[in-house]
Amino acid sequence: MPKVVVAEPEAGPPGGPDGVLCGCALLATARDEDLVLVPHGVGDAFLGYLGGLLGRRLSGANVVVGRAADDGRAAAEIRARAGDLADWCVTAYRPGRAVLALAEDLGVPLSGMDGTAGAAAREFLRFGGAEAFRGRIGTRLLASTVGAPLAPGRLAGTEHALATAVRTLLPVVGRVLVRQDSARGEALVVTVHDEIRDERSAVVRVPADDCDVDFLAAELWPLLSGHSGAPVLVEVHQRVLCSYVAEFWVPGAEGPPRLLSVAERRPGVAGLRLPGGHLAAPVLAGLTAHSVNIAAEAGRRGFSGILHVESGTTGGGALLVREVREGTAPGVPVDHLARALAGPGYARDRVVLTRTGIGVRDFAAAVAVLEAAEVAYDHPSRTGVAVTADATVCHGEIGWMVVGLDAGHADRLEERALEALLGTGSDARVTARCGQ
């Protein structure tokens, strides 16, 4: 059955790096006859490279540029390209209202949503069920339902409630995170410790014994709540040493979720390591248990599709749920790509690294450098560096997947690739875009 693959329709601005990298990566899920709806153009050089890597015939004929929630132009373009849509379906790595609207406009089904359970899943999407998981409030609602571990928190709807929340939570570890309910929203850390910076947020230092919490709340409320008076989330801010992402396929309410992979976020790098690094058996068991429960609860509520549950381990050994996100985490279908390159059993005999934010001036030159350095992906050995996304034209960066025999081999392959790119002078350069 031919399909329309919808890239992330809400990953920032249409030309933003997350949307571009995600759209390129989703091309890896397309077969020769499929169409991929992306919010940006895709270069012929990358399409030819990806097709050769995966043994498919991919070209500009597979790419439709548009937004799933636009004024109908994307649907019209799809009809013009596909002709008869009788046997087609729509699939998306991150389904939501926009994706469902496109499928209904085209008059084709959403993949995996058939029968009574499928009707329930479509109704769930139609009224914003998938979007309800986004943000920290959605995460806390879902995780708390199944008793998953969360950092203590409060939702403040007024300036007074904000002061009360800070006054209550600050003494727990001497640090709270105050933020808007948005991955891209304003956030800051209020702390009694001698800290000068935080990885993601501004830091406000307050005295431990004589903090005027009411004055602090009066200063922070208009900054974070804005003109709309939106609620502000206050959480105890515990340092997370390692973050792990469990990826599931959730079939809605008709069956249990299926665990696809457990990956470790790479510190200081926008990317993942699969399998999930140095997890001790008890930690892995706890992470898997609460992640499965969250995914099952999402299915009971009507969600169908890919779901990620991100958890972190603290310095004291506690395990905390950090984020529940439908679809991309962080922007690429990692398990699908790993299976396509290294085989369905890659987790048993290979270690996979992903990375974005690798700045290069020219895609073809970067690929040539990797080949000359003898680190390019090699199918017979099932090892090497495969470029999985090209944003060189608009953002000057690429993303890749490294497949190694073990952790040390994968690290060495990536180091050789980075060194080779750095050594090419004007042809390529390497920058760093830190992980989320």
# chains A, B, ... in the order shown; residues from 1 in each chain; ligands from 1
$ residues_around --residues "Arg339 (chain A)" --least-positions-apart "2" --cutoff "12 Å" --atoms "only C-alpha atoms" --output "MDAnalysis selection string"
chainID A and resid 28:29 54 260:261 274 333:337 341:348 350:352 382 401 403
$ write_last_selection --atoms "N, CA and C atoms" --output "PDB file, in the first residue's frame"
ATOM      1  N   ALA A  28      13.826   8.285   5.100  1.00  0.00           N
ATOM      2  CA  ALA A  28      14.342   6.917   5.206  1.00  0.00           C
ATOM      3  C   ALA A  28      13.230   5.898   5.389  1.00  0.00           C
ATOM      4  N   THR A  29      12.039   6.334   5.781  1.00  0.00           N
ATOM      5  CA  THR A  29      10.916   5.409   5.940  1.00  0.00           C
ATOM      6  C   THR A  29      10.146   5.224   4.646  1.00  0.00           C
ATOM      7  N   LEU A  54      19.996   2.999   1.248  1.00  0.00           N
ATOM      8  CA  LEU A  54      18.909   2.105   1.639  1.00  0.00           C
ATOM      9  C   LEU A  54      18.458   1.181   0.519  1.00  0.00           C
ATOM     10  N   LEU A 260      10.283  -0.660  21.601  1.00  0.00           N
ATOM     11  CA  LEU A 260      11.156  -0.713  20.434  1.00  0.00           C
ATOM     12  C   LEU A 260      12.620  -0.587  20.812  1.00  0.00           C
ATOM     13  N   SER A 261      12.917   0.337  21.720  1.00  0.00           N
ATOM     14  CA  SER A 261      14.316   0.559  22.079  1.00  0.00           C
ATOM     15  C   SER A 261      14.394   1.371  23.353  1.00  0.00           C
ATOM     16  N   LEU A 274      22.277   3.917  21.386  1.00  0.00           N
ATOM     17  CA  LEU A 274      21.477   2.715  21.528  1.00  0.00           C
ATOM     18  C   LEU A 274      22.381   1.490  21.451  1.00  0.00           C
ATOM     19  N   PRO A 333      13.350   9.066  13.523  1.00  0.00           N
ATOM     20  CA  PRO A 333      12.877   7.727  13.863  1.00  0.00           C
ATOM     21  C   PRO A 333      14.060   6.782  14.051  1.00  0.00           C
ATOM     22  N   VAL A 334      14.692   6.824  15.214  1.00  0.00           N
ATOM     23  CA  VAL A 334      15.982   6.171  15.431  1.00  0.00           C
ATOM     24  C   VAL A 334      15.893   4.667  15.233  1.00  0.00           C
ATOM     25  N   ASP A 335      14.915   4.034  15.863  1.00  0.00           N
ATOM     26  CA  ASP A 335      14.827   2.578  15.776  1.00  0.00           C
ATOM     27  C   ASP A 335      14.619   2.135  14.333  1.00  0.00           C
ATOM     28  N   HIS A 336      13.781   2.836  13.587  1.00  0.00           N
ATOM     29  CA  HIS A 336      13.532   2.476  12.187  1.00  0.00           C
ATOM     30  C   HIS A 336      14.819   2.565  11.379  1.00  0.00           C
ATOM     31  N   LEU A 337      15.564   3.642  11.543  1.00  0.00           N
ATOM     32  CA  LEU A 337      16.803   3.810  10.798  1.00  0.00           C
ATOM     33  C   LEU A 337      17.824   2.740  11.167  1.00  0.00           C
ATOM     34  N   LEU A 341      19.474  -0.040   8.573  1.00  0.00           N
ATOM     35  CA  LEU A 341      20.907  -0.105   8.290  1.00  0.00           C
ATOM     36  C   LEU A 341      21.556  -1.369   8.849  1.00  0.00           C
ATOM     37  N   ALA A 342      21.319  -1.644  10.126  1.00  0.00           N
ATOM     38  CA  ALA A 342      22.070  -2.697  10.817  1.00  0.00           C
ATOM     39  C   ALA A 342      21.276  -3.960  11.068  1.00  0.00           C
ATOM     40  N   GLY A 343      20.010  -3.977  10.637  1.00  0.00           N
ATOM     41  CA  GLY A 343      19.217  -5.183  10.790  1.00  0.00           C
ATOM     42  C   GLY A 343      18.336  -5.165  12.024  1.00  0.00           C
ATOM     43  N   PRO A 344      17.285  -6.005  12.053  1.00  0.00           N
ATOM     44  CA  PRO A 344      16.326  -5.983  13.161  1.00  0.00           C
ATOM     45  C   PRO A 344      16.933  -6.367  14.504  1.00  0.00           C
ATOM     46  N   GLY A 345      18.045  -7.087  14.504  1.00  0.00           N
ATOM     47  CA  GLY A 345      18.668  -7.474  15.766  1.00  0.00           C
ATOM     48  C   GLY A 345      19.855  -6.615  16.144  1.00  0.00           C
ATOM     49  N   TYR A 346      19.867  -5.363  15.688  1.00  0.00           N
ATOM     50  CA  TYR A 346      21.039  -4.495  15.911  1.00  0.00           C
ATOM     51  C   TYR A 346      21.370  -4.326  17.394  1.00  0.00           C
ATOM     52  N   ALA A 347      20.376  -4.352  18.257  1.00  0.00           N
ATOM     53  CA  ALA A 347      20.627  -4.108  19.679  1.00  0.00           C
ATOM     54  C   ALA A 347      21.449  -5.224  20.314  1.00  0.00           C
ATOM     55  N   ARG A 348      21.510  -6.386  19.682  1.00  0.00           N
ATOM     56  CA  ARG A 348      22.258  -7.502  20.259  1.00  0.00           C
ATOM     57  C   ARG A 348      23.746  -7.457  19.920  1.00  0.00           C
ATOM     58  N   ARG A 350      25.354  -4.580  17.940  1.00  0.00           N
ATOM     59  CA  ARG A 350      25.843  -3.306  17.460  1.00  0.00           C
ATOM     60  C   ARG A 350      25.521  -2.209  18.477  1.00  0.00           C
ATOM     61  N   VAL A 351      26.309  -1.136  18.457  1.00  0.00           N
ATOM     62  CA  VAL A 351      26.004   0.079  19.212  1.00  0.00           C
ATOM     63  C   VAL A 351      25.799   1.194  18.203  1.00  0.00           C
ATOM     64  N   VAL A 352      24.701   1.939  18.374  1.00  0.00           N
ATOM     65  CA  VAL A 352      24.310   2.980  17.431  1.00  0.00           C
ATOM     66  C   VAL A 352      24.387   4.340  18.115  1.00  0.00           C
ATOM     67  N   ARG A 382      28.245  -3.924   8.234  1.00  0.00           N
ATOM     68  CA  ARG A 382      27.187  -3.286   9.032  1.00  0.00           C
ATOM     69  C   ARG A 382      27.783  -2.317  10.048  1.00  0.00           C
ATOM     70  N   MET A 401      24.144   8.868  11.613  1.00  0.00           N
ATOM     71  CA  MET A 401      24.022   7.702  12.475  1.00  0.00           C
ATOM     72  C   MET A 401      25.313   6.901  12.337  1.00  0.00           C
ATOM     73  N   VAL A 403      27.227   3.375  13.336  1.00  0.00           N
ATOM     74  CA  VAL A 403      26.995   1.997  13.764  1.00  0.00           C
ATOM     75  C   VAL A 403      28.344   1.341  14.022  1.00  0.00           C
TER      76      VAL A 403
END
$ select_by_dssp --residues "region 57-217 of chain A" --states "helix (DSSP H, G or I)" --output "MDAnalysis selection string"
chainID A and resid 60:62 73:82 97:106 115:126 131:133 135:145 159:173 213:217
$ write_last_selection --atoms "C-alpha atoms" --output "PDB file, in the first residue's frame"
ATOM      1  CA  GLY A  60      12.409  14.833  -5.908  1.00  0.00           C
ATOM      2  CA  ALA A  61       9.326  12.946  -7.114  1.00  0.00           C
ATOM      3  CA  ASN A  62       8.978  11.537  -3.593  1.00  0.00           C
ATOM      4  CA  ARG A  73      -2.306  23.123  -1.305  1.00  0.00           C
ATOM      5  CA  ALA A  74      -0.397  20.125   0.078  1.00  0.00           C
ATOM      6  CA  ALA A  75      -3.437  17.864  -0.403  1.00  0.00           C
ATOM      7  CA  ALA A  76      -3.875  19.161  -3.949  1.00  0.00           C
ATOM      8  CA  GLU A  77      -0.210  18.489  -4.729  1.00  0.00           C
ATOM      9  CA  ILE A  78      -0.464  14.964  -3.316  1.00  0.00           C
ATOM     10  CA  ARG A  79      -3.505  14.247  -5.484  1.00  0.00           C
ATOM     11  CA  ALA A  80      -1.707  15.549  -8.538  1.00  0.00           C
ATOM     12  CA  ARG A  81       1.351  13.379  -7.837  1.00  0.00           C
ATOM     13  CA  ALA A  82      -0.429  10.194  -6.760  1.00  0.00           C
ATOM     14  CA  ARG A  97      -5.015  17.036  14.463  1.00  0.00           C
ATOM     15  CA  ALA A  98      -3.135  18.385  11.444  1.00  0.00           C
ATOM     16  CA  VAL A  99      -2.227  14.903  10.211  1.00  0.00           C
ATOM     17  CA  LEU A 100      -5.777  13.623  10.669  1.00  0.00           C
ATOM     18  CA  ALA A 101      -7.135  16.675   8.839  1.00  0.00           C
ATOM     19  CA  LEU A 102      -4.849  15.912   5.885  1.00  0.00           C
ATOM     20  CA  ALA A 103      -5.936  12.249   5.787  1.00  0.00           C
ATOM     21  CA  GLU A 104      -9.595  13.236   5.849  1.00  0.00           C
ATOM     22  CA  ASP A 105      -9.021  15.859   3.155  1.00  0.00           C
ATOM     23  CA  LEU A 106      -7.428  13.176   0.963  1.00  0.00           C
ATOM     24  CA  GLY A 115     -12.014  -0.911  12.983  1.00  0.00           C
ATOM     25  CA  THR A 116     -13.573   0.171  16.256  1.00  0.00           C
ATOM     26  CA  ALA A 117     -10.233   0.860  17.959  1.00  0.00           C
ATOM     27  CA  GLY A 118      -9.159   2.943  14.968  1.00  0.00           C
ATOM     28  CA  ALA A 119     -12.321   5.026  15.157  1.00  0.00           C
ATOM     29  CA  ALA A 120     -11.608   5.740  18.811  1.00  0.00           C
ATOM     30  CA  ALA A 121      -8.011   6.680  17.992  1.00  0.00           C
ATOM     31  CA  ARG A 122      -9.142   9.072  15.254  1.00  0.00           C
ATOM     32  CA  GLU A 123     -11.585  10.729  17.619  1.00  0.00           C
ATOM     33  CA  PHE A 124      -8.760  11.056  20.147  1.00  0.00           C
ATOM     34  CA  LEU A 125      -6.625  12.837  17.537  1.00  0.00           C
ATOM     35  CA  ARG A 126      -9.489  14.963  16.239  1.00  0.00           C
ATOM     36  CA  GLU A 131      -1.212  17.415  21.640  1.00  0.00           C
ATOM     37  CA  ALA A 132      -2.388  17.086  25.246  1.00  0.00           C
ATOM     38  CA  PHE A 133       0.694  15.004  25.985  1.00  0.00           C
ATOM     39  CA  GLY A 135       4.613  19.922  27.610  1.00  0.00           C
ATOM     40  CA  ARG A 136       5.372  19.241  31.240  1.00  0.00           C
ATOM     41  CA  ILE A 137       1.776  19.515  32.442  1.00  0.00           C
ATOM     42  CA  GLY A 138       0.655  16.810  30.023  1.00  0.00           C
ATOM     43  CA  THR A 139       3.584  14.656  31.090  1.00  0.00           C
ATOM     44  CA  ARG A 140       2.728  15.031  34.768  1.00  0.00           C
ATOM     45  CA  LEU A 141      -0.962  14.251  34.202  1.00  0.00           C
ATOM     46  CA  LEU A 142      -0.163  11.041  32.329  1.00  0.00           C
ATOM     47  CA  ALA A 143       2.687   9.870  34.569  1.00  0.00           C
ATOM     48  CA  SER A 144       0.888  10.606  37.821  1.00  0.00           C
ATOM     49  CA  THR A 145      -2.098   8.518  36.715  1.00  0.00           C
ATOM     50  CA  GLU A 159       1.231  35.372  41.437  1.00  0.00           C
ATOM     51  CA  HIS A 160       0.243  34.359  44.971  1.00  0.00           C
ATOM     52  CA  ALA A 161       0.156  30.674  44.002  1.00  0.00           C
ATOM     53  CA  LEU A 162       3.609  31.058  42.459  1.00  0.00           C
ATOM     54  CA  ALA A 163       4.949  32.471  45.727  1.00  0.00           C
ATOM     55  CA  THR A 164       3.360  29.613  47.671  1.00  0.00           C
ATOM     56  CA  ALA A 165       4.815  27.004  45.319  1.00  0.00           C
ATOM     57  CA  VAL A 166       8.339  28.418  45.539  1.00  0.00           C
ATOM     58  CA  ARG A 167       8.092  28.749  49.318  1.00  0.00           C
ATOM     59  CA  THR A 168       6.942  25.118  49.598  1.00  0.00           C
ATOM     60  CA  LEU A 169       9.323  23.467  47.122  1.00  0.00           C
ATOM     61  CA  LEU A 170      12.551  25.455  47.420  1.00  0.00           C
ATOM     62  CA  PRO A 171      13.580  23.882  50.771  1.00  0.00           C
ATOM     63  CA  VAL A 172      13.437  20.321  49.321  1.00  0.00           C
ATOM     64  CA  VAL A 173      16.846  20.495  47.597  1.00  0.00           C
ATOM     65  CA  VAL A 213       9.482  34.970  48.091  1.00  0.00           C
ATOM     66  CA  ASP A 214       6.568  37.363  47.562  1.00  0.00           C
ATOM     67  CA  PHE A 215       8.848  39.943  45.944  1.00  0.00           C
ATOM     68  CA  LEU A 216      10.461  37.213  43.824  1.00  0.00           C
ATOM     69  CA  ALA A 217       7.064  35.978  42.631  1.00  0.00           C
TER      70      ALA A 217
END
$ closest_residue --among "A:Gly112, A:Pro380, A:Gly315, A:Pro275" --to "Trp249 (chain A)" --atoms "only C-alpha atoms"
A:Gly112
$ residues_around --residues "Tyr244 (chain A)" --least-positions-apart "5" --cutoff "8 Å" --atoms "only C-alpha atoms" --output "compact mmCIF listing (two decimals) with all heavy atoms, in the first residue's frame"
# COMPACT_ATOMS: atom_id res chain seq x y z
N VAL A 262 15.55 1.30 24.01
CA VAL A 262 15.90 2.19 25.11
C VAL A 262 17.22 2.85 24.74
O VAL A 262 18.21 2.17 24.52
CB VAL A 262 16.03 1.44 26.44
CG1 VAL A 262 16.48 2.41 27.55
CG2 VAL A 262 14.71 0.78 26.83
N ALA A 263 17.20 4.16 24.65
CA ALA A 263 18.38 4.91 24.23
C ALA A 263 18.82 5.85 25.34
O ALA A 263 18.01 6.27 26.17
CB ALA A 263 18.09 5.71 22.96
N GLU A 264 20.10 6.17 25.34
CA GLU A 264 20.66 7.12 26.29
C GLU A 264 20.96 8.43 25.57
O GLU A 264 21.55 8.43 24.49
CB GLU A 264 21.95 6.57 26.90
CG GLU A 264 22.62 7.52 27.89
CD GLU A 264 23.93 6.96 28.41
OE1 GLU A 264 24.31 5.84 28.03
OE2 GLU A 264 24.59 7.66 29.21
N ARG A 265 20.51 9.54 26.13
CA ARG A 265 20.89 10.83 25.57
C ARG A 265 22.38 11.04 25.79
O ARG A 265 22.90 10.80 26.89
CB ARG A 265 20.11 11.97 26.24
CG ARG A 265 18.70 12.15 25.70
CD ARG A 265 18.17 13.52 26.07
NE ARG A 265 16.80 13.70 25.68
CZ ARG A 265 16.41 14.15 24.48
NH1 ARG A 265 17.33 14.45 23.57
NH2 ARG A 265 15.14 14.32 24.22
N GLY A 276 20.81 1.45 25.55
CA GLY A 276 20.89 2.54 26.50
C GLY A 276 22.03 2.57 27.47
O GLY A 276 21.82 2.74 28.67
N GLU A 310 10.82 9.79 28.42
CA GLU A 310 12.19 10.12 28.83
C GLU A 310 12.27 10.14 30.35
O GLU A 310 11.45 10.78 31.02
CB GLU A 310 12.62 11.47 28.27
CG GLU A 310 14.05 11.85 28.68
CD GLU A 310 14.58 13.08 27.99
OE1 GLU A 310 13.99 13.49 26.97
OE2 GLU A 310 15.59 13.63 28.47
N SER A 311 13.27 9.46 30.89
CA SER A 311 13.51 9.41 32.33
C SER A 311 14.95 9.79 32.61
O SER A 311 15.81 9.71 31.72
CB SER A 311 13.23 8.01 32.87
OG SER A 311 11.93 7.56 32.54
N GLY A 312 15.21 10.21 33.83
CA GLY A 312 16.56 10.58 34.21
C GLY A 312 16.93 10.01 35.57
O GLY A 312 16.05 9.79 36.42
$ select_by_dssp --residues "region 207-332 of chain A" --states "strand (DSSP E or B)" --output "PyMOL selection string"
chain A and resi 232-236+240-251+258-265+272-274+304-314+319-326
$ residues_around --residues "region 289-295 of chain A" --least-positions-apart "2" --cutoff "9 Å" --atoms "only C-alpha atoms" --output "ChimeraX atom specification"
/A:142-149,246-250,256-259,284-287,297-300,303,307-311,321,324
$ residues_around --residues "region 363-376 of chain A" --least-positions-apart "2" --cutoff "10 Å" --atoms "only C-alpha atoms" --output "ChimeraX atom specification"
/A:43,45-46,49,359-361,378-379,383-387,389-393,396-398,402,412-424,427-429
$ atom_distance --atom1 "CA of Val240 (chain A)" --atom2 "CA of Thr313 (chain A)"
5.5 Å
